[in-house]
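Shown here: input39.cif, mmCIF, C-alpha atoms.
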data_final
loop_
_atom_site.label_atom_id
_atom_site.label_comp_id
_atom_site.auth_asym_id
_atom_site.auth_seq_id
_atom_site.Cartn_x
_atom_site.Cartn_y
_atom_site.Cartn_z
CA MET I 1 40.72 38.82 4.75
CA LYS I 2 37.76 39.18 7.10
CA ALA I 3 36.28 42.39 8.45
CA LEU I 4 33.46 43.34 10.78
CA ARG I 5 30.97 45.52 8.94
CA THR I 6 28.33 47.59 10.68
CA LEU I 7 25.04 47.18 8.81
CA SER I 8 23.00 49.49 11.01
CA PRO I 9 23.22 50.89 14.54
CA ARG I 10 21.60 47.63 15.72
CA ALA I 11 23.66 44.94 13.96
CA GLU I 12 27.11 43.91 12.85
CA THR I 13 27.94 41.07 10.48
CA LEU I 14 31.22 39.39 9.57
CA VAL I 15 32.00 39.74 5.85
CA ASP I 16 34.76 38.57 3.53
CA GLN I 17 36.95 40.75 1.27
CA HIS I 18 34.18 40.86 -1.37
CA GLY I 19 31.56 42.11 1.06
CA PHE I 20 29.70 38.79 1.26
CA MET I 21 28.38 37.72 4.65
CA LEU I 22 29.99 34.67 6.23
CA ALA I 23 27.86 31.80 7.47
CA ASN I 24 28.37 29.16 10.12
CA PRO I 25 28.77 25.89 8.15
CA THR I 26 27.08 23.78 10.84
CA ASP I 27 23.71 25.57 10.89
CA GLY I 28 23.87 28.10 8.01
CA SER I 29 23.41 31.12 10.28
CA VAL I 30 25.11 34.39 9.36
CA VAL I 31 28.11 35.10 11.61
CA GLY I 32 27.57 38.27 13.61
CA ILE I 33 26.33 39.75 16.84
CA ARG I 34 22.61 39.12 16.33
CA PRO I 35 21.52 35.51 15.84
CA PRO I 36 19.12 34.68 13.00
CA LEU I 37 15.46 34.06 13.69
CA PRO I 38 14.92 30.38 14.52
CA GLY I 39 13.27 28.04 12.04
CA ILE I 40 13.21 30.29 8.98
CA ARG I 41 13.82 29.64 5.31
CA LEU I 42 15.70 32.56 3.81
CA VAL I 43 16.77 33.49 0.28
CA TYR I 44 18.87 36.41 -0.85
CA ALA I 45 17.86 39.20 -3.21
CA LEU I 46 20.30 39.28 -6.11
CA GLN I 47 21.66 42.42 -7.76
CA THR I 48 21.21 40.97 -11.26
CA ASN I 49 19.72 37.89 -12.86
CA THR I 50 22.94 37.05 -14.73
CA GLN I 51 24.81 35.30 -11.92
CA SER I 52 24.97 31.67 -13.03
CA GLY I 53 24.44 28.94 -10.49
CA LEU I 54 22.39 31.08 -8.11
CA THR I 55 18.67 30.54 -7.73
CA ARG I 56 16.05 32.19 -5.64
CA ARG I 57 14.23 29.00 -4.66
CA TYR I 58 13.38 28.14 -1.07
CA VAL I 59 14.87 24.86 0.13
CA PRO I 60 13.31 22.76 1.53
CA SER I 61 9.89 23.07 -0.07
CA ILE I 62 6.75 23.54 1.99
CA ALA I 63 4.51 20.50 2.52
CA PRO I 64 0.72 20.62 2.15
CA GLY I 65 -0.77 21.54 5.53
CA GLU I 66 2.52 23.06 6.78
CA THR I 67 3.08 26.54 8.21
CA ALA I 68 6.61 28.01 8.26
CA VAL I 69 8.41 31.35 8.34
CA PHE I 70 9.95 32.47 5.04
CA GLY I 71 12.09 35.52 4.34
CA ILE I 72 14.24 37.37 1.86
CA ASP I 73 17.48 39.18 2.68
CA TYR I 74 18.05 42.49 0.87
CA SER I 75 21.62 43.02 2.18
CA ALA I 76 23.07 42.58 -1.31
CA VAL I 77 20.88 45.26 -2.91
CA ILE I 78 19.96 47.88 -0.31
CA PRO I 79 22.98 50.12 0.36
CA LEU I 80 24.66 50.16 3.76
CA GLY I 81 23.20 52.70 6.16
CA ILE I 82 19.71 52.40 4.69
CA ASP I 83 17.12 50.22 6.42
CA ILE I 84 13.79 48.71 5.41
CA ALA I 85 10.80 50.87 6.37
CA SER I 86 8.05 48.47 5.25
CA GLY I 87 7.38 45.44 3.09
CA THR I 88 4.71 43.34 1.42
CA LEU I 89 4.35 39.76 0.19
CA GLU I 90 2.05 38.59 -2.59
CA ILE I 91 1.81 34.88 -3.43
CA LEU I 92 1.07 34.00 -7.06
CA ARG I 93 0.53 30.79 -8.98
CA LEU I 94 0.26 30.30 -12.73
CA GLY I 95 -3.03 31.91 -13.62
CA GLY I 96 -3.20 34.51 -10.85
CA ILE I 97 -3.29 34.98 -7.11
CA ALA I 98 -2.94 31.79 -5.08
CA ASP I 99 -5.63 31.04 -2.53
CA ASP I 100 -4.25 27.70 -1.33
CA VAL I 101 -0.99 29.18 0.01
CA THR I 102 -1.38 32.26 2.21
CA ALA I 103 0.92 34.61 4.11
CA GLY I 104 0.57 36.40 7.40
CA PRO I 105 1.72 39.97 8.06
CA VAL I 106 5.19 40.93 6.80
CA SER I 107 7.77 41.96 9.39
CA TRP I 108 11.39 43.01 8.96
CA ARG I 109 14.64 42.79 10.84
CA ASP I 110 17.63 44.80 9.67
CA ARG I 111 17.55 44.41 5.86
CA ALA I 112 15.41 41.26 5.59
CA LEU I 113 11.65 40.71 5.28
CA TYR I 114 9.83 37.78 6.94
CA ALA I 115 6.31 36.33 6.86
CA THR I 116 4.56 33.19 8.05
CA VAL I 117 3.38 31.14 5.05
CA SER I 118 0.72 28.42 5.25
CA ALA I 119 -0.20 25.81 2.64
CA VAL I 120 -3.62 24.12 2.76
CA ALA I 121 -3.78 20.33 2.70
CA GLY I 122 -4.86 20.24 -0.98
CA ALA I 123 -1.96 22.35 -2.28
CA ASP I 124 0.47 19.83 -3.72
CA GLY I 125 2.84 19.77 -6.68
CA PHE I 126 2.70 23.46 -7.60
CA ASP I 127 5.36 26.16 -7.80
CA TYR I 128 4.40 29.46 -6.21
CA GLN I 129 5.95 32.88 -6.77
CA LEU I 130 6.56 34.83 -3.58
CA LEU I 131 6.65 38.45 -4.73
CA TRP I 132 8.40 40.42 -1.97
CA THR I 133 8.45 44.21 -2.09
CA ALA I 134 10.62 46.19 0.33
CA ILE I 135 10.45 49.95 0.74
CA ASP I 136 13.59 51.42 2.27
CA THR I 137 13.98 54.46 4.50
CA ASP I 138 14.86 56.59 1.43
CA GLY I 139 11.57 55.65 -0.26
CA ASN I 140 13.11 53.29 -2.84
CA ILE I 141 11.02 50.26 -3.84
CA TRP I 142 12.76 46.86 -4.17
CA PRO I 143 10.56 44.12 -5.73
CA ARG I 144 12.04 40.61 -5.81
CA THR I 145 10.53 37.21 -6.66
CA ALA I 146 11.44 33.85 -5.16
CA LEU I 147 10.03 30.39 -5.95
CA LEU I 148 8.46 28.02 -3.46
CA LEU I 149 7.44 24.46 -4.27
CA CYS I 150 4.55 22.96 -2.32
CA SER I 151 5.19 19.23 -2.26
CA ARG I 152 4.88 16.26 0.04
CA THR I 153 8.22 15.36 1.58
CA ALA I 154 9.84 11.98 1.04
#

In structure tokens, how does this file's structure come out?
Amino acid sequence: MKALRTLSPRAETLVDQHGFMLANPTDGSVVGIRPPLPGIRLVYALQTNTQSGLTRRYVPSIAPGETAVFGIDYSAVIPLGIDIASGTLEILRLGGIADDVTAGPVSWRDRALYATVSAVAGADGFDYQLLWTAIDTDGNIWPRTALLLCSRTA
């Protein structure tokens, strides 16, 4: 059974009977009134870490010297009717803050955060933690971590 759910006054998304958003199988975009931003890599914030088979890893990885838009969707954790008021992104690598992968300013659309991420030419073969923090309109703080591999493509 499918239903149209209003996420905010600005957007509607098609969801299944479990409340999960439906995606177009040809391009992976969420089915709804507003199209997704073009050319982004998006992961979803999970409610718990116990769901087997789900990872928070960006696919495909970023190549050294590449710049791309990355994001995280908080639709599964931020309640309906509450929007994101602000967000931050910190990029970490084993041993501390990464200086070879950087992020531009964080923006948001509906209940997802986005930022442009750049990897320098020498960054290769490392996993990076993208620590996203969303603050909703009720003042709640939602930190989530996703993994990003910087690797040359085949």

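As for CA of Ala123 (chain I) and CA of Ala68 (chain I), they are spaced 14.7 Å apart.
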
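Across the structure, CA of Thr145 (chain I) and CA of Leu92 (chain I) are spaced 10.0 Å apart.
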
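Look at region 101-111 of chain I: the protein and nucleic acid residues within 6 Å of it, using only C-alpha atoms and passing over chain neighbours fewer than 6 places away, are I:Tyr74, I:Ser75, I:Asp83, I:Ile84, I:Thr88, I:Val117, I:Ser118, I:Ala119.
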
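CA of Thr67 (chain I) sits 13.7 Å away from CA of Gly122 (chain I).
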
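Each of I:Arg41, I:Arg152, I:Arg144, I:Arg56 was checked against Gly71 (chain I) using all atoms listed in the file; the smallest atom-to-atom distance is that of I:Arg41.
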
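Distance check against Thr133 (chain I) using only C-alpha atoms: of I:Val120, I:Leu148, I:Leu94, I:Leu89, the minimum falls on I:Leu89.
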
Determine, using all atoms listed in the file, which residues of region 52-129 of chain I have any atom at most 8 Å from an atom of region 135-140 of chain I, and tabulate each with its shortest atom pair and distance in Å to one decimal place, rows ordered by chain and then rising number, as JSON lines.
{"residue": "I:Ile78", "atom": "CA", "partner": "I:Asp136", "partner_atom": "CA", "distance": 7.7}
{"residue": "I:Ile82", "atom": "CA", "partner": "I:Thr137", "partner_atom": "CA", "distance": 6.1}
{"residue": "I:Asp83", "atom": "CA", "partner": "I:Asp136", "partner_atom": "CA", "distance": 5.6}
{"residue": "I:Ile84", "atom": "CA", "partner": "I:Asp136", "partner_atom": "CA", "distance": 4.2}
{"residue": "I:Ala85", "atom": "CA", "partner": "I:Asp136", "partner_atom": "CA", "distance": 5.0}
{"residue": "I:Ser86", "atom": "CA", "partner": "I:Ile135", "partner_atom": "CA", "distance": 5.3}
{"residue": "I:Gly87", "atom": "CA", "partner": "I:Ile135", "partner_atom": "CA", "distance": 5.9}

*asked:* Once the PyMOL selection byres ((chain I and resi 63) around 7) is applied to the coordinates I shared, what remains selected? I want it as JSON, numbers by chain.
replied: {"I": [61, 62, 64, 65, 66, 150, 151, 152, 153]}

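Candidate residues I:Ile97, I:Leu147, I:Ile72, I:Leu80 were compared for distance to Asp127 (chain I), and the nearest is I:Leu147, using all atoms listed in the file.
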